[in-house]
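First the structure, in the form of structure tokens, and then the observations on it.
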Amino acid sequence: MAQAPALPGGFELPLEPRLPRIGSVDAVALEARAADLAKRSIKRESKLFALDLAVRMIDLTTLEGADTPGKVAALCSKAVRPDPVDRSVPSVAAVCVYPNLVPTARQRLEGTGVKVASVATAFPSGQSPLEVKVADVRAAVELGADEVDMVIDRGAFLSGRYAKVYDEIVRVKEVCGRTHLKVILETGELGTYDNVRRASLLAMAAGADFIKTSTGKVAPAATLPVTLCMLEAIRDVHEETGRMVGMKPAGGIRVAKQAIQYLCVLHETLGVAWLTPDLFRFGASSLLNDVLQQIRKQKTGVYQSGDYFTID
Amino acid sequence: MSDVAKRGTAVPAPLAWDYAPAPEARDIVSFEARYGLYIGGEVVEPRSGEWYSTISPATEEHLAEVATARTEDVDVAVQAARDAFENGWSSLRPGERAKYLFRIARILLERSREFAVAESLNSGKPIKESRDVDLPISAAHFFYYAGWADKLEYAFPNRSPRPLGVAGQIIPWNFPLLMLAWKIAPALACGNTVVLKPSHTTPLTALLFTDVCRQAGLPPGVVNIVTGDGRTGADLVRHPDVDKIAFTGSTEVGKDIQRAVAGTRKRLTLELGGKAANIVFDDAALDQAIEGIINGIYFNQGEVCCAGSRLLVQESIYEQVIAKLKRRMETLRVGDPLDKNTDVGAINSREQLERITELVASGEEEGAEIFQPSCALPERGFWFRPTVFTNVAQSYRIAQEEIFGPVLSVLTFRTPDEAVEKANNTAYGLSAGVWTEKGSRILWMAERLRAGVVWANTFNRFDPASPFGGYKESGFGREGGRHGLEAYLRFD
């Protein structure tokens with residue numbers, strides 16, 4: 001087994017004997033709690049605060065076979081200045097693309113503060129030999145990605161080969177060096193919240209800087225209960241080790257109302273310390289324009305049609 | 001650990017995110033200045049000539065004047081109920097009775113926002129609870145028993161079920177409308193008529209309900225509402241022409257009632273206090289168990305007869321549970337019951353607040369360790385911080401007596417046997433909770449716990465199809481489900 005760069009206490013190797021003690025999740029109660037938090041009513045200045053925060057937390061994403069430098073360039077401009085009319089609207093956190101398009105994004109985003117994130121490790125399935133995945137990550141890093149979003153090997157996880165999943169994350173983390181590593185669990189394929197919790201703890205133990213719900217290629221992608229489950233795992237790691245791991249729900253978050261619900265779950269599970277793009281991101285593309293529309297509504301009191309917001 | 005151990009954030013997090021007030025609109029409900037008694041389908045002035053003021057416990061503001069029914073008023077109400085019983089209601093085709101109940105259920109749903117606001121105003125409970133719990137379950141109760149009305153022969157085959165006659169029903173202030181539904185729905189479904197006395201402090205939703213009866217076209221006298229204090233209730237209990245008394249409230253009053261009906265032909269069901277154990281095993285899904293503990297004791301400010309007021313934690317996870325619990329308590333939002341984000345509302349009355357305060361002081365005196373979150377409380381009104389006591393011995397008053405407030409006493413256990421022993425070591429026996437991932441242990445515990453309801457991996461869940469009631473000093477008789485019909489029927 002490979003050596004983890006820094007093991008949080010309480011989740012040491014070997015992992016397998018510890019897994020049963022990692023705790024379990026009650027699905028009914030978890031979903032009830034998430035539904036309860038989704039009913040928070042966020043109004044006026046607290047809503048504007050949340051909308052502004054949501055913009056700053058977005059990883060503006062395009063992960064299509066049809067992506068071109070032109071498409072990515074346009075997305076980067078949008079990322080830097082989401083609302084050309086209202087300059088008080090901040091930039092998003094990052095632009096997330098395939099490795100081939102990292103140089104384009106890098107060039108367009110130099111000096112803007114917006115980060116470049118790249119998916120790697122045989123995204124989205126993760127079904128390639130480890131050396132291919134490592135090479136994929138190395139390429140993304142060398143091309144200038146600030147952040148790497150890797151996928152775990154769900155096949156290995158679901159067949160109980162946890163050590164393989166763990167070792168891969170450790171290897172990828174080594175290759176990443178100072179590049180931030182987000183580990184995608186693809187919760188839609190894990191089947192149970194117990195598995196989501198196990199995979200979360202495993203990824204954090206292996207050195208993940210962020211844990212992320214989904215690739216966006218599998219339904220269901222991010223859901224509120226899955227996010228709550230992962231945030232509770234992050235909370236347990238923090239309580240036991242002091243380490244602050246980030247969270248990124250991705251896929252299926254399309255409207256501002258949902259984003260605010262996620263922020264309420266985050267706020268009431270991990271507290272204000274996590275209300276920063278350094279520790280929470282939304283993986284989304286269509287979410288941004290809805291948030292912009294809501295911000296303008298909050299500031300002017302009227303809704304403007306979609307035609308007043310750029311599509312990129 | 002070193003470099004990744006504590007990663008600083010480049011973008012600093014804010015110091016706080018305060019949710020702006022999100023009050024539910026109050027203008028959907030308008031109270032009349034004065035509410036008389038509802039007798040024989042009409043609002044009548046009390047013969048007693050007495051009135052009292054009902055208030056909002058969150059602000060102490062006056063909401064309406066309400067009549068006090070005395071002996072003579074109660075007598076008229078019972079007569080009206082008797083007339084309605086003899087002259088139509090008891091001989092009505094059961095399917096017709098069901099129609100009225102279905103109508104009431106539908107009207108309650110249609111007017112649920114209005115009733116939720118009224119309930120929160122008069123009782124102090126958070127709007128999210130009156131909106132998401134009290135109203136839907138009240139309506140569900142009427143729907144449920146409407147379905148039984150024409151199937152009584154199937155519920156009790158070969159036993160010729162017959163209505164009892166006039167039911168005198170006395171309900172508490174913690175779930176004013178829901179307890180009304182629990183009482184009135186099965187009584188009417190079985191062909192009885194009722195005289196209902198709401199609690200002194202929370203009469204308003206019962207009085208609004210009279211309008212629902214009118215809207216539903218319910219024949220006059222089938223439902224009669226008499227408001228007042230303990231004396232009104234006593235008059236109802238002693239009235240010779242009442243066939244059945246159903247009471248939900250304190251064990252103390254329950255005992256008085258049982259004494260009063262002893263030797264009469266009156267049937268009696270009592271749903272009294274509780275001191276439920278919420279038992280958390282070391283293999284439980286902890287974060288969800290924490291939510292269950294919170295819901296068990298802070299739901300409706302802990303003013304719940306089946307509240308999980310004693311937490312029994314397995315020793316091996318004690319510290320973890322307490323740390324998680326305290327952290328969670330810090331996120332509870334205490335304040336304006338009409339704010340949609342409020343988790344814990346106002347205590348129902350000054351009297352109740354004094355009782356809670358006194359018992360909490362006794363806990364501190366006896367040596368238990370107290371923890372309360374730092375939340376701010378409104379200046380006016382009746383408020384009490386969510387409270388947890390650790391280092392509690394089984395002998396302390398806070399572990400024995402029902403507090404009926406947001407106060408949790410934590411005890412520990414080592415083995416399942418010890419958990420059962422401690423859970424059952426109380427004068428009450430209304431409910432219990434078991435938190436474990438092990439199905440066989442849930443069944444093992446449920447067999448041994450002397451409690452009317454045992455929740456597994458959940459708490460404070462109510463469904464009209466599920467019977468509810470107590471062991472020992474928690475009372476007798478069951479409400480809800482097919483069992484709930486029996487309390488309103490005689491069998492030839």
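Identifiers in the structure tokens: chain A, B, ... in order shown; residue index from 1 per chain; ligand index from 1 in order shown.
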
Backbone DSSP call of alpha helix (DSSP H) for region 20-148 of chain A, listed as a PyMOL selection string:
chain A and resi 27-37+44-56+69-80+102-109+130-142

Selection above as a file: C-alpha atoms, as a PDB file, in the first residue's frame:
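To be explicit, this is the file written out as out16.pdb:
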```pdb
ATOM      1  CA  ALA A  27     -31.316   7.389   4.979  1.00  0.00           C
ATOM      2  CA  VAL A  28     -34.790   8.386   6.174  1.00  0.00           C
ATOM      3  CA  ALA A  29     -33.529  10.739   8.863  1.00  0.00           C
ATOM      4  CA  LEU A  30     -30.813  12.186   6.622  1.00  0.00           C
ATOM      5  CA  GLU A  31     -33.328  13.013   3.909  1.00  0.00           C
ATOM      6  CA  ALA A  32     -35.735  14.470   6.472  1.00  0.00           C
ATOM      7  CA  ARG A  33     -33.026  16.769   7.815  1.00  0.00           C
ATOM      8  CA  ALA A  34     -32.054  17.898   4.322  1.00  0.00           C
ATOM      9  CA  ALA A  35     -35.691  18.576   3.463  1.00  0.00           C
ATOM     10  CA  ASP A  36     -36.062  20.539   6.681  1.00  0.00           C
ATOM     11  CA  LEU A  37     -33.067  22.743   5.911  1.00  0.00           C
ATOM     12  CA  ARG A  44     -33.529  40.512   1.516  1.00  0.00           C
ATOM     13  CA  GLU A  45     -29.942  41.267   2.548  1.00  0.00           C
ATOM     14  CA  SER A  46     -29.281  37.717   3.676  1.00  0.00           C
ATOM     15  CA  LYS A  47     -30.418  36.545   0.238  1.00  0.00           C
ATOM     16  CA  LEU A  48     -28.187  39.020  -1.562  1.00  0.00           C
ATOM     17  CA  PHE A  49     -25.307  37.853   0.584  1.00  0.00           C
ATOM     18  CA  ALA A  50     -26.012  34.238  -0.392  1.00  0.00           C
ATOM     19  CA  LEU A  51     -26.340  35.066  -4.097  1.00  0.00           C
ATOM     20  CA  ASP A  52     -23.064  36.972  -4.119  1.00  0.00           C
ATOM     21  CA  LEU A  53     -21.383  34.096  -2.293  1.00  0.00           C
ATOM     22  CA  ALA A  54     -22.859  31.601  -4.734  1.00  0.00           C
ATOM     23  CA  VAL A  55     -21.317  33.455  -7.675  1.00  0.00           C
ATOM     24  CA  ARG A  56     -17.929  33.468  -5.965  1.00  0.00           C
ATOM     25  CA  PRO A  69     -10.849  27.040 -27.668  1.00  0.00           C
ATOM     26  CA  GLY A  70     -13.426  29.583 -28.794  1.00  0.00           C
ATOM     27  CA  LYS A  71     -16.106  28.198 -26.509  1.00  0.00           C
ATOM     28  CA  VAL A  72     -13.692  28.063 -23.561  1.00  0.00           C
ATOM     29  CA  ALA A  73     -12.453  31.586 -24.222  1.00  0.00           C
ATOM     30  CA  ALA A  74     -16.010  32.885 -24.100  1.00  0.00           C
ATOM     31  CA  LEU A  75     -16.658  30.982 -20.891  1.00  0.00           C
ATOM     32  CA  CYS A  76     -13.535  32.523 -19.353  1.00  0.00           C
ATOM     33  CA  SER A  77     -14.709  36.036 -20.136  1.00  0.00           C
ATOM     34  CA  LYS A  78     -18.020  35.251 -18.505  1.00  0.00           C
ATOM     35  CA  ALA A  79     -16.192  33.811 -15.491  1.00  0.00           C
ATOM     36  CA  VAL A  80     -14.200  36.973 -14.928  1.00  0.00           C
ATOM     37  CA  VAL A 102      -6.369  24.126 -19.969  1.00  0.00           C
ATOM     38  CA  PRO A 103      -3.837  26.246 -21.927  1.00  0.00           C
ATOM     39  CA  THR A 104      -6.621  28.317 -23.485  1.00  0.00           C
ATOM     40  CA  ALA A 105      -8.251  28.881 -20.131  1.00  0.00           C
ATOM     41  CA  ARG A 106      -4.886  29.565 -18.474  1.00  0.00           C
ATOM     42  CA  GLN A 107      -4.121  32.254 -21.032  1.00  0.00           C
ATOM     43  CA  ARG A 108      -7.506  33.957 -20.727  1.00  0.00           C
ATOM     44  CA  LEU A 109      -7.551  33.870 -16.941  1.00  0.00           C
ATOM     45  CA  LEU A 130      -3.542   3.690 -13.074  1.00  0.00           C
ATOM     46  CA  GLU A 131      -0.575   4.765 -15.211  1.00  0.00           C
ATOM     47  CA  VAL A 132      -2.922   6.320 -17.767  1.00  0.00           C
ATOM     48  CA  LYS A 133      -4.735   8.185 -15.015  1.00  0.00           C
ATOM     49  CA  VAL A 134      -1.479   9.410 -13.526  1.00  0.00           C
ATOM     50  CA  ALA A 135      -0.303  10.583 -16.919  1.00  0.00           C
ATOM     51  CA  ASP A 136      -3.637  12.364 -17.412  1.00  0.00           C
ATOM     52  CA  VAL A 137      -3.165  14.221 -14.125  1.00  0.00           C
ATOM     53  CA  ARG A 138       0.469  15.033 -14.863  1.00  0.00           C
ATOM     54  CA  ALA A 139      -0.550  16.510 -18.198  1.00  0.00           C
ATOM     55  CA  ALA A 140      -3.248  18.652 -16.627  1.00  0.00           C
ATOM     56  CA  VAL A 141      -0.825  19.957 -14.016  1.00  0.00           C
ATOM     57  CA  GLU A 142       1.922  20.640 -16.527  1.00  0.00           C
TER      58      GLU A 142
END
```

Tell me, as a VMD selection string, which residues lie within 9 Å of Lys39 (chain A), counting only C-alpha atoms; anything in the same chain fewer than 6 positions away does not count.
(chain A and resid 261) or (chain B and resid 128 340 to 341)

Which residues are close to region 110-127 of chain A, i.e. within 6 Å by only C-alpha atoms, leaving aside same-chain residues fewer than 2 positions away? Reply as an MDAnalysis selection string.
chainID A and resid 93:99 106:108 133 136:137 145:151 153

Output C-alpha atoms of each residue in that selection to a file, as a CSV table (one decimal), in the first residue's frame.
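See result33.csv below for the written result:
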```csv
chain,number,residue,atom,x,y,z
A,93,ALA,CA,-14.1,30.8,-8.5
A,94,ALA,CA,-12.8,28.8,-11.4
A,95,VAL,CA,-13.4,27.5,-14.9
A,96,CYS,CA,-13.5,23.7,-15.2
A,97,VAL,CA,-12.5,22.1,-18.5
A,98,TYR,CA,-10.9,19.0,-20.0
A,99,PRO,CA,-7.0,19.0,-20.0
A,106,ARG,CA,-4.9,29.6,-18.5
A,107,GLN,CA,-4.1,32.3,-21.0
A,108,ARG,CA,-7.5,34.0,-20.7
A,133,LYS,CA,-4.7,8.2,-15.0
A,136,ASP,CA,-3.6,12.4,-17.4
A,137,VAL,CA,-3.2,14.2,-14.1
A,145,ALA,CA,-4.2,23.7,-14.0
A,146,ASP,CA,-4.6,25.1,-10.5
A,147,GLU,CA,-7.0,22.4,-9.5
A,148,VAL,CA,-7.5,18.8,-10.6
A,149,ASP,CA,-10.9,17.1,-10.3
A,150,MET,CA,-10.3,13.3,-10.3
A,151,VAL,CA,-12.8,10.5,-10.3
A,153,ASP,CA,-12.6,3.9,-9.4
```

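Interatomic distance, CA of Leu411 (chain B) to CA of Trp173 (chain B): 29.1 Å.
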
Surrounding residues of Ile39 (chain B) excluding itself and chain neighbours under 4 positions, 8 Å, only C-alpha atoms, as a compact mmCIF listing (two decimals) with N, CA and C atoms, in the first residue's frame:
```txt
# COMPACT_ATOMS: atom_id res chain seq x y z
N VAL B 43 -73.44 30.53 18.26
CA VAL B 43 -72.57 31.17 19.24
C VAL B 43 -73.47 31.83 20.28
N VAL B 44 -73.28 31.49 21.53
CA VAL B 44 -74.14 32.06 22.57
C VAL B 44 -73.30 32.74 23.64
N VAL B 76 -76.22 23.26 29.42
CA VAL B 76 -76.90 23.54 28.15
C VAL B 76 -76.18 22.86 26.99
N ALA B 77 -74.85 22.89 27.05
CA ALA B 77 -74.06 22.28 25.97
C ALA B 77 -74.28 20.77 25.93
N ALA B 80 -77.62 20.07 24.45
CA ALA B 80 -77.60 20.23 22.98
C ALA B 80 -76.99 19.01 22.32
N PRO B 220 -76.56 20.97 13.89
CA PRO B 220 -76.35 21.68 15.15
C PRO B 220 -76.26 20.71 16.32
N GLY B 221 -75.36 20.99 17.25
CA GLY B 221 -75.27 20.20 18.47
C GLY B 221 -74.37 18.99 18.39
N VAL B 223 -71.22 19.04 17.41
CA VAL B 223 -70.00 19.51 18.06
C VAL B 223 -70.35 20.77 18.85
N ASN B 224 -69.99 20.76 20.13
CA ASN B 224 -70.18 21.94 20.98
C ASN B 224 -68.85 22.27 21.63
N ILE B 225 -68.52 23.57 21.64
CA ILE B 225 -67.24 23.97 22.23
C ILE B 225 -67.51 24.88 23.42
N VAL B 226 -67.05 24.46 24.58
CA VAL B 226 -67.18 25.32 25.77
C VAL B 226 -65.79 25.69 26.27
```

Hey, could you make a per-residue contact list for chain A against chain B with 7 Å as the cut-off, showing the nearest pair of atoms and its distance in Å to one decimal, counting only C-alpha atoms, sorted by chain and number, as JSON lines?
```
{"residue": "A:Ala6", "atom": "CA", "partner": "B:Met1", "partner_atom": "CA", "distance": 5.1}
{"residue": "A:Leu7", "atom": "CA", "partner": "B:Met1", "partner_atom": "CA", "distance": 6.4}
{"residue": "A:Pro8", "atom": "CA", "partner": "B:Met1", "partner_atom": "CA", "distance": 6.5}
{"residue": "A:Gly23", "atom": "CA", "partner": "B:Ala285", "partner_atom": "CA", "distance": 6.3}
{"residue": "A:Ser24", "atom": "CA", "partner": "B:Ala285", "partner_atom": "CA", "distance": 4.8}
{"residue": "A:Val25", "atom": "CA", "partner": "B:Ala285", "partner_atom": "CA", "distance": 4.9}
{"residue": "A:Asp26", "atom": "CA", "partner": "B:Ala285", "partner_atom": "CA", "distance": 5.7}
{"residue": "A:Ala29", "atom": "CA", "partner": "B:Gln288", "partner_atom": "CA", "distance": 5.7}
{"residue": "A:Leu30", "atom": "CA", "partner": "B:Gln288", "partner_atom": "CA", "distance": 6.1}
{"residue": "A:Arg40", "atom": "CA", "partner": "B:Asn341", "partner_atom": "CA", "distance": 5.6}
{"residue": "A:Ser41", "atom": "CA", "partner": "B:Ala22", "partner_atom": "CA", "distance": 6.2}
{"residue": "A:Ile42", "atom": "CA", "partner": "B:Tyr19", "partner_atom": "CA", "distance": 6.1}
{"residue": "A:Lys43", "atom": "CA", "partner": "B:Ala20", "partner_atom": "CA", "distance": 5.7}
{"residue": "A:Arg44", "atom": "CA", "partner": "B:Ala20", "partner_atom": "CA", "distance": 6.5}
{"residue": "A:Glu45", "atom": "CA", "partner": "B:Ala20", "partner_atom": "CA", "distance": 6.8}
{"residue": "A:Ser46", "atom": "CA", "partner": "B:Tyr19", "partner_atom": "CA", "distance": 5.3}
{"residue": "A:Gly242", "atom": "CA", "partner": "B:Lys6", "partner_atom": "CA", "distance": 6.4}
{"residue": "A:Arg243", "atom": "CA", "partner": "B:Ala5", "partner_atom": "CA", "distance": 5.0}
{"residue": "A:Met244", "atom": "CA", "partner": "B:Lys6", "partner_atom": "CA", "distance": 6.4}
{"residue": "A:Glu268", "atom": "CA", "partner": "B:Thr331", "partner_atom": "CA", "distance": 6.5}
{"residue": "A:Val272", "atom": "CA", "partner": "B:Ala16", "partner_atom": "CA", "distance": 5.9}
{"residue": "A:Ala273", "atom": "CA", "partner": "B:Ala13", "partner_atom": "CA", "distance": 5.4}
{"residue": "A:Trp274", "atom": "CA", "partner": "B:Ala13", "partner_atom": "CA", "distance": 6.6}
{"residue": "A:Leu275", "atom": "CA", "partner": "B:Ala13", "partner_atom": "CA", "distance": 5.4}
{"residue": "A:Thr276", "atom": "CA", "partner": "B:Ala13", "partner_atom": "CA", "distance": 5.0}
{"residue": "A:Pro277", "atom": "CA", "partner": "B:Val11", "partner_atom": "CA", "distance": 6.9}
{"residue": "A:Asp278", "atom": "CA", "partner": "B:Thr9", "partner_atom": "CA", "distance": 5.8}
```

One-decimal distance in Å that lies between CA of Arg197 (chain A) and CA of Cys229 (chain A)
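Interatomic distance, CA of Cys229 (chain A) to CA of Arg197 (chain A): 6.5 Å.
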
Looking only at strand (DSSP E or B) from DSSP on the backbone, list the matching residues of region 168-303 of chain B as an MDAnalysis selection string.
chainID B and resid 168:170 193:197 223:225 244:248 267:271 277:280

Restricting the calculation to only C-alpha atoms: of B:Val304, B:Leu152, B:Val212, B:Leu108, which residue gets closest to Ile403 (chain B)?
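Comparing B:Val304, B:Leu152, B:Val212, B:Leu108 against Ile403 (chain B), the winner is B:Val304.
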
Find the residues near Gly191 (chain A): any atom within 12 Å, counting only C-alpha atoms, skip ones fewer than 2 places away on the same chain, and give them as a PyMOL selection string.
chain A and resi 27+154+157-158+185-189+193-199+219-221+226

Residues just named, written with C-alpha atoms as an mmCIF file, in the first residue's frame:
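Result file follows (part39.cif):
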```cif
data_model
loop_
_atom_site.group_PDB
_atom_site.id
_atom_site.type_symbol
_atom_site.label_atom_id
_atom_site.label_comp_id
_atom_site.auth_asym_id
_atom_site.auth_seq_id
_atom_site.Cartn_x
_atom_site.Cartn_y
_atom_site.Cartn_z
ATOM 1 C CA ALA A 27 -31.316 7.389 4.979
ATOM 2 C CA ARG A 154 -16.227 3.060 -8.564
ATOM 3 C CA PHE A 157 -15.025 0.671 -4.553
ATOM 4 C CA LEU A 158 -18.229 -1.263 -5.159
ATOM 5 C CA LEU A 185 -17.099 10.140 -5.695
ATOM 6 C CA GLU A 186 -19.850 9.866 -8.337
ATOM 7 C CA THR A 187 -22.414 9.365 -5.609
ATOM 8 C CA GLY A 188 -25.117 8.498 -8.136
ATOM 9 C CA GLU A 189 -23.292 5.215 -8.695
ATOM 10 C CA TYR A 193 -25.485 6.910 1.861
ATOM 11 C CA ASP A 194 -23.349 4.475 3.853
ATOM 12 C CA ASN A 195 -21.181 4.097 0.762
ATOM 13 C CA VAL A 196 -21.110 7.856 0.254
ATOM 14 C CA ARG A 197 -19.880 8.291 3.808
ATOM 15 C CA ARG A 198 -17.229 5.580 3.422
ATOM 16 C CA ALA A 199 -15.998 6.970 0.133
ATOM 17 C CA ALA A 219 -28.010 10.941 -12.812
ATOM 18 C CA PRO A 220 -28.737 11.551 -10.011
ATOM 19 C CA ALA A 221 -25.887 13.977 -9.650
ATOM 20 C CA VAL A 226 -25.953 13.412 -0.448
#
```

Would you compute the distance between CA of Thr415 (chain B) and CA of Tyr318 (chain B)? Give it in Å to one decimal.
13.4 Å
